[in-house]
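Structure data follow from run-v6.txt (compact mmCIF, C-alpha atoms):
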# COMPACT_ATOMS: atom_id res chain seq x y z
CA MET U 257 -83.33 -42.28 -4.32
CA ASN U 258 -87.13 -42.37 -3.79
CA ARG U 259 -86.75 -40.98 -0.24
CA PHE U 260 -84.66 -38.12 -1.62
CA LEU U 261 -87.28 -37.28 -4.25
CA ASN U 262 -90.04 -37.25 -1.62
CA LEU U 263 -88.17 -34.50 0.25
CA LEU U 264 -88.04 -32.18 -2.78
CA PRO U 265 -90.56 -29.36 -3.24
CA GLN U 266 -93.36 -30.31 -5.63
CA LYS U 267 -92.01 -28.20 -8.52
CA ALA U 268 -88.46 -29.52 -8.10
CA PHE U 269 -89.85 -33.05 -7.89
CA ALA U 270 -91.72 -32.59 -11.17
CA ILE U 271 -88.59 -31.27 -12.89
CA ALA U 272 -86.51 -34.18 -11.57
CA VAL U 273 -89.05 -36.74 -12.77
CA ALA U 274 -89.37 -35.08 -16.20
CA THR U 275 -85.60 -34.96 -16.58
CA THR U 276 -85.27 -38.62 -15.64
CA LEU U 277 -87.99 -39.68 -18.07
CA ALA U 278 -86.49 -37.58 -20.86
CA PHE U 279 -83.07 -39.10 -20.27
CA GLN U 280 -84.51 -42.61 -20.30
CA ALA U 281 -86.41 -41.92 -23.51
CA PHE U 282 -83.28 -40.50 -25.14
CA SER U 283 -81.24 -43.52 -24.07
CA GLN U 284 -83.79 -45.96 -25.46
CA MET U 285 -83.53 -44.50 -28.96
CA ALA U 286 -80.21 -46.31 -29.43
CA ILE U 287 -81.98 -49.70 -29.58
CA LEU U 288 -84.25 -48.82 -32.50
CA PRO U 289 -83.56 -50.78 -35.71
CA GLN U 290 -81.41 -48.97 -38.24
CA ALA U 291 -82.30 -48.52 -41.89
CA SER U 292 -78.69 -49.43 -42.67
CA PRO U 293 -77.88 -52.17 -40.14
CA ALA U 294 -74.41 -52.67 -38.72
CA ALA U 295 -72.30 -55.54 -40.03
CA SER U 296 -68.76 -56.84 -39.87
CA VAL U 297 -66.52 -59.24 -41.75
CA THR U 298 -63.19 -60.69 -40.62
CA GLN U 299 -60.54 -62.63 -42.50
CA THR U 300 -57.29 -64.15 -41.26
CA VAL U 301 -54.44 -63.90 -43.78
CA GLY U 302 -51.56 -66.05 -42.55
CA ILE U 303 -51.82 -65.14 -38.88
CA THR U 304 -52.99 -61.56 -39.49
CA GLU U 305 -56.60 -60.72 -38.76
CA ILE U 306 -58.16 -58.08 -41.01
CA SER U 307 -61.65 -56.83 -40.20
CA VAL U 308 -64.20 -54.39 -41.59
CA ASP U 309 -66.96 -52.87 -39.47
CA TYR U 310 -69.59 -51.00 -41.48
CA SER U 311 -73.27 -50.25 -42.02
CA ARG U 312 -75.23 -51.73 -44.94
CA PRO U 313 -77.50 -49.39 -46.91
CA SER U 314 -79.90 -50.88 -49.47
CA VAL U 315 -80.54 -49.67 -52.99
CA ASN U 316 -84.32 -49.37 -52.44
CA GLY U 317 -84.87 -48.43 -56.07
CA ARG U 318 -82.59 -45.40 -55.84
CA ALA U 319 -79.95 -44.29 -58.32
CA ILE U 320 -76.70 -44.93 -56.49
CA TRP U 321 -73.56 -43.97 -58.40
CA GLY U 322 -73.42 -40.32 -59.31
CA GLU U 323 -76.62 -39.62 -57.37
CA LEU U 324 -76.87 -41.01 -53.82
CA VAL U 325 -73.09 -41.44 -53.93
CA PRO U 326 -71.84 -38.37 -55.86
CA TYR U 327 -68.90 -38.57 -58.21
CA GLY U 328 -65.79 -36.84 -56.96
CA LEU U 329 -65.83 -34.82 -53.73
CA THR U 330 -68.97 -33.18 -52.41
CA ASN U 331 -69.74 -30.40 -49.94
CA LEU U 332 -71.72 -31.98 -47.10
CA GLY U 333 -72.69 -28.56 -45.75
CA TRP U 334 -71.93 -29.63 -42.21
CA THR U 335 -69.35 -27.08 -41.08
CA GLY U 336 -70.84 -24.12 -42.92
CA GLU U 337 -67.67 -23.95 -44.98
CA ASP U 338 -66.70 -25.28 -48.39
CA GLN U 339 -65.87 -28.77 -47.14
CA ALA U 340 -65.02 -31.14 -49.99
CA ALA U 341 -65.52 -34.64 -48.62
CA PRO U 342 -65.29 -38.17 -50.02
CA TRP U 343 -67.92 -40.89 -49.56
CA ARG U 344 -67.98 -42.72 -46.23
CA ALA U 345 -67.87 -46.14 -48.00
CA GLY U 346 -71.04 -47.27 -46.26
CA ALA U 347 -73.60 -45.58 -44.03
CA ASN U 348 -73.82 -44.01 -40.57
CA GLU U 349 -70.50 -43.95 -38.69
CA ASN U 350 -67.10 -44.56 -40.27
CA THR U 351 -66.51 -47.76 -42.11
CA VAL U 352 -63.54 -49.05 -40.09
CA VAL U 353 -60.81 -51.34 -41.43
CA THR U 354 -58.48 -52.89 -38.85
CA PHE U 355 -55.15 -54.58 -39.58
CA GLU U 356 -53.69 -56.71 -36.79
CA HIS U 357 -50.19 -56.40 -38.25
CA ASP U 358 -48.46 -54.11 -40.72
CA ALA U 359 -49.74 -54.68 -44.25
CA MET U 360 -49.49 -53.54 -47.86
CA VAL U 361 -52.52 -52.12 -49.66
CA GLU U 362 -52.16 -52.00 -53.43
CA GLY U 363 -48.39 -52.18 -52.95
CA LYS U 364 -48.20 -49.38 -50.37
CA ALA U 365 -47.35 -49.87 -46.70
CA ILE U 366 -49.88 -49.26 -43.93
CA PRO U 367 -49.07 -49.75 -40.21
CA ALA U 368 -51.12 -52.05 -38.01
CA GLY U 369 -54.17 -50.30 -36.57
CA SER U 370 -57.71 -49.12 -37.30
CA TYR U 371 -58.63 -46.68 -40.07
CA GLY U 372 -61.72 -44.90 -41.34
CA LEU U 373 -62.35 -45.93 -44.93
CA HIS U 374 -63.42 -43.29 -47.48
CA LEU U 375 -63.74 -43.44 -51.26
CA ILE U 376 -63.68 -40.92 -54.08
CA ILE U 377 -65.76 -42.41 -56.90
CA GLU U 378 -65.22 -41.22 -60.46
CA LYS U 379 -67.58 -41.80 -63.37
CA SER U 380 -64.64 -43.26 -65.32
CA GLY U 381 -64.40 -46.15 -62.83
CA ASP U 382 -61.29 -44.76 -61.15
CA ILE U 383 -61.51 -44.98 -57.36
CA THR U 384 -59.34 -43.28 -54.76
CA VAL U 385 -59.28 -45.39 -51.58
CA ILE U 386 -58.50 -43.38 -48.44
CA PHE U 387 -57.51 -44.77 -45.05
CA SER U 388 -57.95 -42.07 -42.41
CA LYS U 389 -56.46 -42.04 -38.92
CA ASP U 390 -59.78 -40.58 -37.69
CA TYR U 391 -61.62 -43.89 -37.55
CA GLU U 392 -64.05 -42.90 -34.77
CA ALA U 393 -65.69 -40.04 -36.71
CA TRP U 394 -69.25 -40.03 -38.03
CA GLY U 395 -69.20 -40.70 -41.75
CA SER U 396 -67.24 -38.13 -43.74
CA TYR U 397 -68.67 -35.08 -41.96
CA PHE U 398 -65.43 -34.44 -40.11
CA TYR U 399 -63.09 -35.73 -42.81
CA ASP U 400 -59.70 -33.99 -42.83
CA PRO U 401 -57.21 -34.91 -45.60
CA ALA U 402 -54.37 -33.99 -43.26
CA ARG U 403 -55.31 -37.08 -41.26
CA ASP U 404 -54.93 -39.48 -44.19
CA ALA U 405 -52.73 -42.48 -43.40
CA LEU U 406 -52.77 -43.80 -46.96
CA ARG U 407 -54.30 -43.22 -50.40
CA VAL U 408 -54.30 -45.78 -53.19
CA ASN U 409 -55.96 -45.96 -56.60
CA VAL U 410 -58.06 -48.87 -57.87
CA LYS U 411 -60.52 -49.56 -60.69
CA SER U 412 -64.15 -50.51 -60.16
CA GLN U 413 -65.73 -53.45 -61.96
CA GLU U 414 -69.26 -54.17 -63.13
CA ARG U 415 -71.25 -56.92 -61.43
CA GLU U 416 -74.78 -58.29 -61.13
CA HIS U 417 -77.18 -56.28 -59.00
CA LEU U 418 -76.63 -56.56 -55.24
CA GLU U 419 -79.31 -54.91 -53.11
CA GLN U 420 -77.35 -54.43 -49.88
CA LEU U 421 -73.86 -52.99 -49.67
CA THR U 422 -71.50 -55.84 -48.77
CA TYR U 423 -67.82 -56.16 -47.90
CA SER U 424 -66.16 -59.54 -48.49
CA PHE U 425 -62.77 -61.20 -48.83
CA SER U 426 -61.71 -63.39 -51.75
CA ASP U 427 -58.56 -64.91 -53.25
CA VAL U 428 -57.27 -65.59 -49.73
CA THR U 429 -53.74 -66.99 -49.52
CA LYS U 430 -51.05 -67.24 -46.86
CA THR U 431 -49.86 -63.74 -47.77
CA GLY U 432 -52.81 -61.84 -49.20
CA ALA U 433 -56.47 -61.34 -50.01
CA VAL U 434 -58.77 -59.10 -51.99
CA LEU U 435 -61.19 -56.97 -49.98
CA SER U 436 -64.19 -55.99 -52.10
CA LEU U 437 -67.00 -53.50 -51.64
CA ASP U 438 -70.00 -54.67 -53.69
CA TRP U 439 -73.20 -52.67 -54.12
CA GLU U 440 -75.81 -52.21 -56.81
CA LYS U 441 -73.91 -53.08 -60.02
CA LYS U 442 -70.42 -52.02 -58.93
CA SER U 443 -67.57 -53.93 -57.31
CA ILE U 444 -64.53 -52.17 -55.85
CA PRO U 445 -61.62 -54.60 -55.21
CA ILE U 446 -58.72 -53.64 -52.92
CA ARG U 447 -55.65 -55.91 -52.86
CA ILE U 448 -54.02 -56.50 -49.46
CA LYS U 449 -50.71 -58.23 -48.75
CA VAL U 450 -48.99 -59.20 -45.49
CA ASP U 451 -45.44 -60.49 -44.94
CA THR U 452 -46.60 -63.59 -43.11
CA ASP U 453 -43.18 -65.23 -42.83
CA ALA U 454 -41.66 -62.13 -41.22
CA ILE U 455 -44.63 -61.80 -38.86
CA VAL U 456 -44.46 -65.48 -37.87
CA LEU U 457 -40.69 -65.37 -37.44
CA ALA U 458 -40.92 -62.39 -35.08
CA SER U 459 -43.70 -64.14 -33.17
CA LEU U 460 -41.74 -67.40 -32.87
CA LYS U 461 -38.65 -65.61 -31.56
CA GLN U 462 -40.78 -63.99 -28.88
CA GLN U 463 -42.54 -67.23 -27.99
CA MET U 464 -39.27 -69.12 -27.62
CA ARG U 465 -38.37 -66.65 -24.84
CA ASN U 466 -41.59 -67.10 -22.87
CA ALA U 467 -43.53 -70.07 -21.46
CA HIS U 468 -43.87 -71.68 -24.90
CA GLY U 469 -40.12 -72.23 -24.94
CA PHE U 470 -40.36 -74.69 -22.05
CA ARG U 471 -41.94 -77.45 -24.15
CA TYR U 472 -39.80 -79.33 -26.62
CA GLN U 473 -42.85 -79.87 -28.86
CA ASN U 474 -43.25 -76.09 -29.27
CA ILE U 475 -39.57 -75.71 -30.05
CA MET U 476 -39.85 -78.45 -32.67
CA ASP U 477 -42.87 -76.74 -34.23
CA ALA U 478 -40.95 -73.47 -34.46
CA ALA U 479 -37.90 -75.13 -36.02
CA ASN U 480 -40.10 -77.09 -38.43
CA TYR U 481 -41.73 -73.85 -39.64
CA LEU U 482 -38.35 -72.34 -40.42
CA LEU U 483 -37.29 -75.53 -42.18
CA ALA U 484 -40.46 -75.79 -44.27
CA ASN U 485 -40.26 -72.15 -45.35
CA ASP U 486 -36.46 -71.98 -45.76
CA LEU U 487 -36.14 -69.24 -43.13
CA GLU U 488 -33.09 -68.64 -40.90
CA LEU U 489 -31.93 -72.25 -41.04
CA GLU U 490 -29.08 -71.63 -38.60
CA LEU U 491 -31.65 -70.51 -36.05
CA ALA U 492 -33.76 -73.57 -36.87
CA LEU U 493 -30.69 -75.74 -36.19
CA GLU U 494 -30.15 -73.96 -32.87
CA TRP U 495 -33.74 -74.60 -31.86
CA SER U 496 -33.54 -78.25 -32.90
CA GLU U 497 -30.54 -78.70 -30.60
CA ILE U 498 -32.46 -77.04 -27.77
CA ALA U 499 -35.31 -79.51 -28.34
CA ILE U 500 -32.76 -82.30 -27.80
CA SER U 501 -30.46 -81.11 -25.05
CA ARG U 502 -31.69 -78.09 -23.05
CA PRO U 503 -32.01 -78.95 -19.34
CA TRP U 504 -35.58 -79.73 -18.21
CA VAL U 505 -36.83 -79.08 -21.74
CA GLY U 506 -34.95 -81.20 -24.27
CA ARG U 507 -35.81 -84.80 -25.12
CA LYS U 508 -33.49 -87.33 -26.74
CA LEU U 509 -36.09 -88.85 -29.01
CA PRO U 510 -36.01 -90.15 -32.61
CA GLU U 511 -38.16 -87.22 -33.77
CA THR U 512 -35.96 -84.55 -32.22
CA TYR U 513 -32.80 -86.07 -33.73
CA GLU U 514 -34.47 -86.51 -37.12
CA LEU U 515 -35.52 -82.85 -37.16
CA LYS U 516 -31.93 -81.78 -36.54
CA ALA U 517 -30.74 -84.10 -39.31
CA LYS U 518 -33.26 -82.67 -41.80
CA ILE U 519 -32.09 -79.13 -41.06
CA LEU U 520 -28.47 -80.17 -41.54
CA ASP U 521 -29.44 -81.76 -44.87
CA LYS U 522 -31.08 -78.49 -45.93
CA LEU U 523 -27.89 -76.65 -45.02
CA GLY U 524 -25.87 -79.04 -47.19
CA ARG U 525 -24.11 -80.57 -44.19
CA THR U 526 -24.99 -84.14 -45.12
CA SER U 527 -22.19 -85.88 -43.24
CA GLU U 528 -23.24 -84.21 -40.01
CA ALA U 529 -26.85 -85.19 -40.73
CA ALA U 530 -25.79 -88.82 -41.16
CA ALA U 531 -23.92 -88.71 -37.84
CA VAL U 532 -27.04 -87.40 -36.08
CA ARG U 533 -29.22 -90.14 -37.60
CA ALA U 534 -26.69 -92.75 -36.50
CA GLN U 535 -27.40 -91.80 -32.89
CA ILE U 536 -31.09 -92.64 -33.26
CA SER U 537 -30.47 -96.39 -33.22
CA SER U 538 -28.85 -96.14 -29.79
CA LEU U 539 -31.74 -94.31 -28.12
Spit out the file's structure as structure tokens when you get a sec.
Amino acid sequence: MNRFLNLLPQKAFAIAVATTLAFQAFSQMAILPQASPAASVTQTVGITEISVDYSRPSVNGRAIWGELVPYGLTNLGWTGEDQAAPWRAGANENTVVTFEHDAMVEGKAIPAGSYGLHLIIEKSGDITVIFSKDYEAWGSYFYDPARDALRVNVKSQEREHLEQLTYSFSDVTKTGAVLSLDWEKKSIPIRIKVDTDAIVLASLKQQMRNAHGFRYQNIMDAANYLLANDLELELALEWSEIAISRPWVGRKLPETYELKAKILDKLGRTSEAAAVRAQISSL
């Protein structure tokens, strides 16, 4: 590269050097600290990972609701047209919510994937929560309602002052959680549900057809999950038999026989369960 530059005429050399320095200076700007630093929060619900990537503005003594964050829709003046846009639910680029599996938000279905989060804040406390398919946009400047994946309505709540905008998960169970946006003296809760049993069942069926299905311990774990959650007990019985008798995989052990007996008990087939347990003494 240096040899090539030495062969250029002096004027061309100067232009090349200036261009290189300008490009380097422009590139370096990306590492400057941001007034609203990036953050993320992730929560596993059942086996579903839900994450939020966002930027965290501070109050800094400003009036937030109805001022910095206008009520209703506002014209950002970006396209030169009358563009009514919601709030970006954070700062800088899109606030992005990602669902690993299909979920329910406030009782409405949303497919697995990533979404830009936008909010319409009303003075009454009513909030319209918008999940947009355009999750790689910058803020709400390019917001297009035609790209909405889902809209739901929630109510804001009052809270103690919180200086930095924060997303968090609470009330986490096997099948749900509450995602909250908290800032200044307002909290915006969004209820999320996932059908964990259906997700796990689909995953187990797939795993029993791949390398995991070649270990009797894995097969027992899968059958035990179905038994504990009262799911597809006939399939659980089939898997318990595989854990006992499948070539190269099954093991005639007290625990594999006892699992089969427990499933038969759950199915109401108690005499068959007793016959299976009777075989344990001869192992």
Nearest candidate to Lys516 of chain U (options U:Ala347, U:Ala529, U:Gly328, U:Pro342; using all atoms listed in the file) |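 Looking only at the distances to Lys516 of chain U, the closest residue turns out to be U:Ala529.
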Pick from U:Phe470, U:Tyr310, U:Tyr327, U:Trp495: nearest to Thr422 of chain U, with only C-alpha atoms counted?
->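 For Thr422 of chain U, the nearest of the given residues is U:Tyr310.
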Nearby residues (only C-alpha atoms) at most 12 Å from Glu378 of chain U, same-chain spacing under 2 positions excluded, as a PyMOL selection string | chain U and resi 321-323+325-330+342-343+375-376+380-385+409-412+444
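You can rank U:Val301, U:Ile366, U:Leu418, U:Ala359 by their closest distance to Asp404 of chain U using only C-alpha atoms, and at the top of that list sits U:Ile366.
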Exercise: residues within 12 Å of coordinate (-40.4, -67.8, -41.1), counting all atoms listed in the file, as a PyMOL selection string | chain U and resi 302-303+451-461+477-489+491-492
To test the calculation: enclose all listed atoms of segment 298-304 of chain U in a box whose edges run along x, y and z, add 5 Å on each side, then state centre and edge lengths in Å to one decimal, as JSON.
{"center_x": -57.4, "center_y": -63.4, "center_z": -41.3, "size_x": 21.6, "size_y": 15.4, "size_z": 14.9}
Which is closest to Trp439 of chain U among U:Ala517, U:Met360, U:Val315, U:Ile386, if we use all atoms listed in the file?
->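 Closest residue, counting all atoms listed in the file: U:Val315.
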What residues have an atom no more than 12 Å from (-63.5, -49.1, -39.3) in the file's own frame, counting only C-alpha atoms, and can you write them as an mmCIF file with C-alpha atoms, in the frame of the given file?
data_model
loop_
_atom_site.group_PDB
_atom_site.id
_atom_site.type_symbol
_atom_site.label_atom_id
_atom_site.label_comp_id
_atom_site.auth_asym_id
_atom_site.auth_seq_id
_atom_site.Cartn_x
_atom_site.Cartn_y
_atom_site.Cartn_z
ATOM 1 C CA ALA U 294 -74.410 -52.670 -38.720
ATOM 2 C CA ALA U 295 -72.300 -55.540 -40.030
ATOM 3 C CA SER U 296 -68.760 -56.840 -39.870
ATOM 4 C CA VAL U 297 -66.520 -59.240 -41.750
ATOM 5 C CA THR U 298 -63.190 -60.690 -40.620
ATOM 6 C CA ILE U 306 -58.160 -58.080 -41.010
ATOM 7 C CA SER U 307 -61.650 -56.830 -40.200
ATOM 8 C CA VAL U 308 -64.200 -54.390 -41.590
ATOM 9 C CA ASP U 309 -66.960 -52.870 -39.470
ATOM 10 C CA TYR U 310 -69.590 -51.000 -41.480
ATOM 11 C CA SER U 311 -73.270 -50.250 -42.020
ATOM 12 C CA ARG U 344 -67.980 -42.720 -46.230
ATOM 13 C CA ALA U 345 -67.870 -46.140 -48.000
ATOM 14 C CA GLY U 346 -71.040 -47.270 -46.260
ATOM 15 C CA ALA U 347 -73.600 -45.580 -44.030
ATOM 16 C CA ASN U 348 -73.820 -44.010 -40.570
ATOM 17 C CA GLU U 349 -70.500 -43.950 -38.690
ATOM 18 C CA ASN U 350 -67.100 -44.560 -40.270
ATOM 19 C CA THR U 351 -66.510 -47.760 -42.110
ATOM 20 C CA VAL U 352 -63.540 -49.050 -40.090
ATOM 21 C CA VAL U 353 -60.810 -51.340 -41.430
ATOM 22 C CA THR U 354 -58.480 -52.890 -38.850
ATOM 23 C CA PHE U 355 -55.150 -54.580 -39.580
ATOM 24 C CA GLY U 369 -54.170 -50.300 -36.570
ATOM 25 C CA SER U 370 -57.710 -49.120 -37.300
ATOM 26 C CA TYR U 371 -58.630 -46.680 -40.070
ATOM 27 C CA GLY U 372 -61.720 -44.900 -41.340
ATOM 28 C CA LEU U 373 -62.350 -45.930 -44.930
ATOM 29 C CA HIS U 374 -63.420 -43.290 -47.480
ATOM 30 C CA ILE U 386 -58.500 -43.380 -48.440
ATOM 31 C CA PHE U 387 -57.510 -44.770 -45.050
ATOM 32 C CA SER U 388 -57.950 -42.070 -42.410
ATOM 33 C CA LYS U 389 -56.460 -42.040 -38.920
ATOM 34 C CA ASP U 390 -59.780 -40.580 -37.690
ATOM 35 C CA TYR U 391 -61.620 -43.890 -37.550
ATOM 36 C CA GLU U 392 -64.050 -42.900 -34.770
ATOM 37 C CA ALA U 393 -65.690 -40.040 -36.710
ATOM 38 C CA TRP U 394 -69.250 -40.030 -38.030
ATOM 39 C CA GLY U 395 -69.200 -40.700 -41.750
ATOM 40 C CA TYR U 423 -67.820 -56.160 -47.900
#
At what distance in Å, to one decimal, does atom CA of Ala405 of chain U lie from atom CA of Ile448 of chain U?
-> 15.3 Å
Between atom CA of Lys442 of chain U and atom CA of Ile377 of chain U, what is the spacing in Å?
->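 Atom-to-atom, atom CA of Ile377 of chain U to atom CA of Lys442 of chain U, that is 10.9 Å.
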Contacts of Val361 of chain U within 9 Å, all atoms listed in the file, excl. fewer than 6 positions in-chain, as an MDAnalysis selection string | chainID U and resid 406 408 446:450
Taking into account only C-alpha atoms, which residue in the set U:Thr512, U:Gln462, U:Ser426, U:Ser538 is nearest to Thr300 of chain U?
-> U:Ser426
Return the single residue from U:Ser292, U:Gln299, U:Ser443, U:Asn474 that is closest to Ser496 of chain U, with distances computed using all atoms listed in the file.
-> U:Asn474
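Here atom CA of Arg502 of chain U stands at a distance of 19.4 Å from atom CA of Lys518 of chain U.
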